[in-house]
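Asks: Dropping a structure here in structure tokens format, bear with me for questions.
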Amino acid sequence: MKYKEIFMKRAIQLAKYGLGLTSPNPMVGCVIERNGIVLSEGWHYKKEMYHAEFLAINNIKDEYLFFNCTLYVTLEPCVHFGETPPCVDLIIEKNIPRVVVGIQDPCDKVKGLGIKKLKKYGIEVIENVLMDQCKILNKRFFTFYEKNRPYIILKWAQSDDGFIYSENRKNNWISGIHARQLNHKWRSEEDGILVGRKTVLNDNPKLNVRKWFGQNPVRIFVDKKLSISDSYFILDGSQKTIVFTEKKKENQENIEYIQISFEKKIINQILNFLHKKKILSLIVEGGKKTLENFIQENIWDECRIFICKEVLKSGLKAPEIKGIISKKMNLNKDQLIIKLNY
């Protein structure tokens with residue numbers, strides 16, 4: 001099995017094509033090889049569509065080729081009926097002799113049962129190949145099932161002197177066009193985007209992906225007294241929106257009003273609801289108080305900060321956050337720093 005890491009790397013690469021399209025399913029890639037030659041490839045490219053293993057297997061028309069082949073898959077094959085039939089049953093049906101699995105599925109409906117069934121039918125299973133890389137690939141999926149909440153990304157832009165907002169500026173954009181386009185790309189990759197009430201009032205954001213091609217995230221914000229009027233973009237009904245409030249209000253087209261208690265921990269109530277809605281990932285874009293609430297509760301996984309060349313001299317100071325720096329890169333005049341919460 002000298003090829004196992006090479007072909008698993010290729011399966012991971014294929015799986016990434018599904019970023020932003022497969023949720024609430026995981027991203028999965030599959031490679032089938034025989035004697036070091038790739039016979040077929042596949043990936044799960046959209047929710048409710050066929051899984052990676054199904055596509056890779058059905059690309060092979062000559063069933064003799066399954067003899068002595070090896071199937072590589074980034075995540076344990078499913079064993080239950082959902083939107084599609086179990087991939088395990090198809091692997092058994094085609095008499096594929098070996099399966100190399102990147103990592104076990106954390107979902108209770110699978111969680112080792114797929115591997116167990118393959119072994120029961122005499123299929124050789126090699127587990128945990130590039131396991132760490134396969135887990136990072138599906139960091140949203142694993143966080144959702146292991147922590148019972150979405151994967152949380154905090155994001156903000158700050159001036160060179162450490163401010164995120166100044167009342168002295170008519171235009172509050174401090175990041176450049178490249179950073180803003182990248183931010184819209186990020187939005188297309190995540191299920192939800194959350195802002196605070198003051199951000200809505202100050203910026204009137206649309207929270208869509210107009211500078212990128214992809215799906216809009218679900219817009220989420222907290223409005224205790226329902227003081228935001230329908231004239232704001234966030235309540236225009238153009239994309240799915242969730243409003244957390246203490247008041248009772250009938251849902252409208254694309255807008256869902258959820259009553260919560262403001263005497264209890266607000267973040268926990270929001271995340272519990274989003275978990276029930278199968279929202280696997282969430283970008284928190286501010287403002288300062290909203291971001292600091294997540295930081296103080298230590299409920300975050302990743303932080304993306306743009307350090308911009310603008311000097312504001314006064315205003316709202318940017319949040320302070322610890323974490324391990326995983327990446328630094330320049331985007332024209334802006335610098336991007338990504339931190340992880342380990």
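Identifiers in this document derive from the order of the structure tokens: chains are assigned A, B, ..., residues are numbered from 1 separately in each chain, and ligands are numbered from 1 in order of occurrence.
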What's the 10 Å shell around Leu336 (chain A), counting only C-alpha atoms, without same-chain residues fewer than 4 positions away, as a list in words?
Replies: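 Residues meeting the cut-off are Ala157, Ala179, Arg304, Ile305, Phe306, Ile307, Cys308, Lys327, Lys328, Met329, Asn330 and Leu331 of chain A.
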Asks: Residues of region 102-314 of chain A in alpha helix (DSSP H) according to DSSP, as a PyMOL selection string?
Replies: chain A and resi 113-120+131-137+139-147+177-189+197-203+266-276+288-296
Asks: Interatomic distance between CA of Asn128 (chain A) and CA of Pro97 (chain A)?
Replies: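 So the two atoms, CA of Asn128 (chain A) and CA of Pro97 (chain A), lie 17.8 Å apart.
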Asks: Could you tell me, as a PyMOL selection string, which residues of region 139-341 of chain A DSSP assigns to strand (DSSP E or B) when given the backbone?
Replies: chain A and resi 151-158+163-165+192-195+218-222+241-245+252+255-259+281-286+302-307+316-317+324-331+334-340
Asks: Hey, which of A:Ile279, A:Ile299, A:Val100, A:Ile12 ends up closest to Ile193 (chain A)? Count only C-alpha atoms.
Replies: A:Ile279
Asks: Would you mind listing what lies within 9 Å of Leu271 (chain A) as a PyMOL selection string, with only C-alpha atoms counted and same-chain residues fewer than 6 positions away left out?
Replies: chain A and resi 148-150
Asks: Keeping only N, CA and C atoms, write the selected residues as an mmCIF file, in the first residue's frame.
Replies:
```cif
data_model
loop_
_atom_site.group_PDB
_atom_site.id
_atom_site.type_symbol
_atom_site.label_atom_id
_atom_site.label_comp_id
_atom_site.auth_asym_id
_atom_site.auth_seq_id
_atom_site.Cartn_x
_atom_site.Cartn_y
_atom_site.Cartn_z
ATOM 1 N N ASN A 148 -21.636 19.898 19.254
ATOM 2 C CA ASN A 148 -23.069 20.210 19.183
ATOM 3 C C ASN A 148 -23.334 21.699 18.951
ATOM 4 N N ARG A 149 -22.559 22.267 18.067
ATOM 5 C CA ARG A 149 -22.743 23.666 17.666
ATOM 6 C C ARG A 149 -22.071 23.879 16.316
ATOM 7 N N PRO A 150 -22.357 24.999 15.652
ATOM 8 C CA PRO A 150 -21.655 25.284 14.395
ATOM 9 C C PRO A 150 -20.172 25.592 14.615
#
```
Asks: Near Glu190 (chain A), counting only C-alpha atoms, which residues have an atom at most 7 Å away, once you skip same-chain residues fewer than 4 positions from it, shown as a PyMOL selection string?
Replies: chain A and resi 20+186+217+281-282
Asks: Could you save those same residues with all heavy atoms as a compact mmCIF listing (two decimals), in the first residue's frame?
Replies:
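Generated output (part.txt):
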```
# COMPACT_ATOMS: atom_id res chain seq x y z
N GLY A 20 -18.84 24.80 0.51
CA GLY A 20 -19.95 25.74 0.41
C GLY A 20 -21.19 25.19 -0.27
O GLY A 20 -22.20 25.87 -0.36
N TRP A 186 -15.64 34.00 1.38
CA TRP A 186 -15.83 33.29 2.66
C TRP A 186 -17.32 33.11 2.98
O TRP A 186 -17.73 32.05 3.44
CB TRP A 186 -15.17 34.07 3.79
CG TRP A 186 -13.68 34.04 3.79
CD1 TRP A 186 -12.86 33.15 3.15
CD2 TRP A 186 -12.81 34.96 4.45
NE1 TRP A 186 -11.55 33.45 3.37
CE2 TRP A 186 -11.47 34.55 4.18
CE3 TRP A 186 -13.02 36.08 5.25
CZ2 TRP A 186 -10.37 35.22 4.68
CZ3 TRP A 186 -11.91 36.76 5.76
CH2 TRP A 186 -10.61 36.34 5.48
N PRO A 217 -25.30 33.11 2.64
CA PRO A 217 -25.50 32.49 3.95
C PRO A 217 -26.83 32.94 4.56
O PRO A 217 -27.42 33.93 4.12
CB PRO A 217 -24.32 33.03 4.76
CG PRO A 217 -24.04 34.37 4.14
CD PRO A 217 -24.33 34.20 2.66
N SER A 281 -21.90 25.96 10.11
CA SER A 281 -20.84 26.96 10.28
C SER A 281 -21.43 28.35 10.33
O SER A 281 -22.49 28.63 9.74
CB SER A 281 -19.82 26.86 9.14
OG SER A 281 -20.45 27.07 7.89
N LEU A 282 -20.71 29.23 11.02
CA LEU A 282 -21.21 30.58 11.26
C LEU A 282 -20.07 31.58 11.24
O LEU A 282 -19.07 31.42 11.95
CB LEU A 282 -21.91 30.62 12.64
CG LEU A 282 -22.48 31.95 13.10
CD1 LEU A 282 -23.68 32.34 12.25
CD2 LEU A 282 -22.87 31.88 14.58
```
Asks: Which one is closest to Ile270 (chain A): A:Thr84, A:Thr245, A:Ser231, A:Ser188? Count only C-alpha atoms.
Replies: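 Checking each of A:Thr84, A:Thr245, A:Ser231, A:Ser188 against Ile270 (chain A), counting only C-alpha atoms, the winner is A:Thr245.
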Asks: Could you check how far CA of Tyr121 (chain A) sits from CA of Asp89 (chain A), in Å to one decimal?
Replies: 10.1 Å
Asks: Mind pulling up the distance from CA of Gly214 (chain A) to CA of His178 (chain A)?
Replies: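 Value for the CA of His178 (chain A)-CA of Gly214 (chain A) distance: 17.1 Å.
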Asks: With only C-alpha atoms as the counted atoms, please give the residues lying no more than 9 Å from region 60-63 of chain A, apart from itself and same-chain residues fewer than 2 positions off, as a list in words.
Replies: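 Residues meeting the cut-off are Leu39, Ser40, Ala56, Ile57, Asn58, Leu65, Phe66, Phe67 and Lys94 of chain A.
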Asks: Can I get the selection written as an mmCIF file, in the first residue's frame, with all heavy atoms?
Replies:
```cif
data_model
loop_
_atom_site.group_PDB
_atom_site.id
_atom_site.type_symbol
_atom_site.label_atom_id
_atom_site.label_comp_id
_atom_site.auth_asym_id
_atom_site.auth_seq_id
_atom_site.Cartn_x
_atom_site.Cartn_y
_atom_site.Cartn_z
ATOM 1 N N LEU A 39 -8.380 4.612 -11.762
ATOM 2 C CA LEU A 39 -9.476 4.145 -12.614
ATOM 3 C C LEU A 39 -10.625 5.153 -12.654
ATOM 4 O O LEU A 39 -11.290 5.310 -13.685
ATOM 5 C CB LEU A 39 -10.010 2.803 -12.098
ATOM 6 C CG LEU A 39 -9.031 1.632 -12.019
ATOM 7 C CD1 LEU A 39 -9.744 0.414 -11.445
ATOM 8 C CD2 LEU A 39 -8.464 1.318 -13.403
ATOM 9 N N SER A 40 -10.848 5.802 -11.520
ATOM 10 C CA SER A 40 -11.999 6.700 -11.444
ATOM 11 C C SER A 40 -11.865 7.617 -10.231
ATOM 12 O O SER A 40 -11.152 7.302 -9.262
ATOM 13 C CB SER A 40 -13.290 5.884 -11.337
ATOM 14 O OG SER A 40 -14.426 6.735 -11.317
ATOM 15 N N ALA A 56 -17.764 7.706 -8.169
ATOM 16 C CA ALA A 56 -16.519 7.084 -8.609
ATOM 17 C C ALA A 56 -16.751 5.654 -9.089
ATOM 18 O O ALA A 56 -16.221 5.229 -10.121
ATOM 19 C CB ALA A 56 -15.500 7.097 -7.462
ATOM 20 N N ILE A 57 -17.560 4.900 -8.353
ATOM 21 C CA ILE A 57 -17.843 3.503 -8.717
ATOM 22 C C ILE A 57 -18.599 3.424 -10.032
ATOM 23 O O ILE A 57 -18.283 2.612 -10.917
ATOM 24 C CB ILE A 57 -18.618 2.799 -7.594
ATOM 25 C CG1 ILE A 57 -17.712 2.571 -6.385
ATOM 26 C CG2 ILE A 57 -19.202 1.456 -8.072
ATOM 27 C CD1 ILE A 57 -18.425 2.093 -5.132
ATOM 28 N N ASN A 58 -19.584 4.286 -10.205
ATOM 29 C CA ASN A 58 -20.422 4.202 -11.407
ATOM 30 C C ASN A 58 -19.778 4.795 -12.655
ATOM 31 O O ASN A 58 -20.328 4.662 -13.757
ATOM 32 C CB ASN A 58 -21.776 4.856 -11.136
ATOM 33 C CG ASN A 58 -22.710 3.937 -10.379
ATOM 34 O OD1 ASN A 58 -23.347 3.050 -10.936
ATOM 35 N ND2 ASN A 58 -22.760 4.119 -9.059
ATOM 36 N N LEU A 65 -12.597 -4.452 -13.817
ATOM 37 C CA LEU A 65 -11.593 -3.543 -13.256
ATOM 38 C C LEU A 65 -11.661 -3.447 -11.735
ATOM 39 O O LEU A 65 -10.712 -3.022 -11.085
ATOM 40 C CB LEU A 65 -11.750 -2.147 -13.877
ATOM 41 C CG LEU A 65 -11.441 -2.043 -15.380
ATOM 42 C CD1 LEU A 65 -11.766 -0.651 -15.897
ATOM 43 C CD2 LEU A 65 -9.981 -2.393 -15.657
ATOM 44 N N PHE A 66 -12.799 -3.848 -11.160
ATOM 45 C CA PHE A 66 -12.899 -3.817 -9.701
ATOM 46 C C PHE A 66 -12.026 -4.895 -9.057
ATOM 47 O O PHE A 66 -11.701 -4.807 -7.872
ATOM 48 C CB PHE A 66 -14.357 -4.009 -9.255
ATOM 49 C CG PHE A 66 -15.234 -2.819 -9.559
ATOM 50 C CD1 PHE A 66 -16.342 -2.949 -10.378
ATOM 51 C CD2 PHE A 66 -14.942 -1.577 -9.026
ATOM 52 C CE1 PHE A 66 -17.154 -1.868 -10.653
ATOM 53 C CE2 PHE A 66 -15.749 -0.479 -9.292
ATOM 54 C CZ PHE A 66 -16.861 -0.613 -10.118
ATOM 55 N N PHE A 67 -11.641 -5.908 -9.837
ATOM 56 C CA PHE A 67 -10.798 -6.979 -9.309
ATOM 57 C C PHE A 67 -9.450 -6.398 -8.877
ATOM 58 O O PHE A 67 -8.760 -5.737 -9.645
ATOM 59 C CB PHE A 67 -10.582 -8.070 -10.368
ATOM 60 C CG PHE A 67 -9.576 -9.110 -9.960
ATOM 61 C CD1 PHE A 67 -9.884 -10.069 -9.002
ATOM 62 C CD2 PHE A 67 -8.301 -9.113 -10.510
ATOM 63 C CE1 PHE A 67 -8.952 -11.018 -8.616
ATOM 64 C CE2 PHE A 67 -7.363 -10.067 -10.134
ATOM 65 C CZ PHE A 67 -7.694 -11.021 -9.181
ATOM 66 N N LYS A 94 -20.101 -4.476 -5.518
ATOM 67 C CA LYS A 94 -19.118 -4.474 -6.601
ATOM 68 C C LYS A 94 -17.872 -5.302 -6.265
ATOM 69 O O LYS A 94 -16.928 -5.355 -7.061
ATOM 70 C CB LYS A 94 -18.699 -3.037 -6.927
ATOM 71 C CG LYS A 94 -19.833 -2.153 -7.428
ATOM 72 C CD LYS A 94 -20.430 -2.671 -8.723
ATOM 73 C CE LYS A 94 -21.539 -1.755 -9.227
ATOM 74 N NZ LYS A 94 -22.139 -2.249 -10.495
#
```
Asks: What's around Leu130 (chain A) at 7 Å? Count only C-alpha atoms, leave out sequence neighbours fewer than 4 positions away in its own chain, and write the answer as a ChimeraX atom specification.
Replies: /A:5,102,134
Asks: Nearest to Cys69 (chain A) among A:Ile153, A:Ile32, A:Ile220, A:Leu137, with distances taken over only C-alpha atoms: which residue is it?
Replies: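 Under the stated criterion, the closest residue is A:Ile32.
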Asks: Tell me which protein, DNA and RNA residues are within 12 Å of Gln158 (chain A), counting only C-alpha atoms, leaving out same-chain ones fewer than 4 positions away, and put them as a count of residues only.
Replies: 35
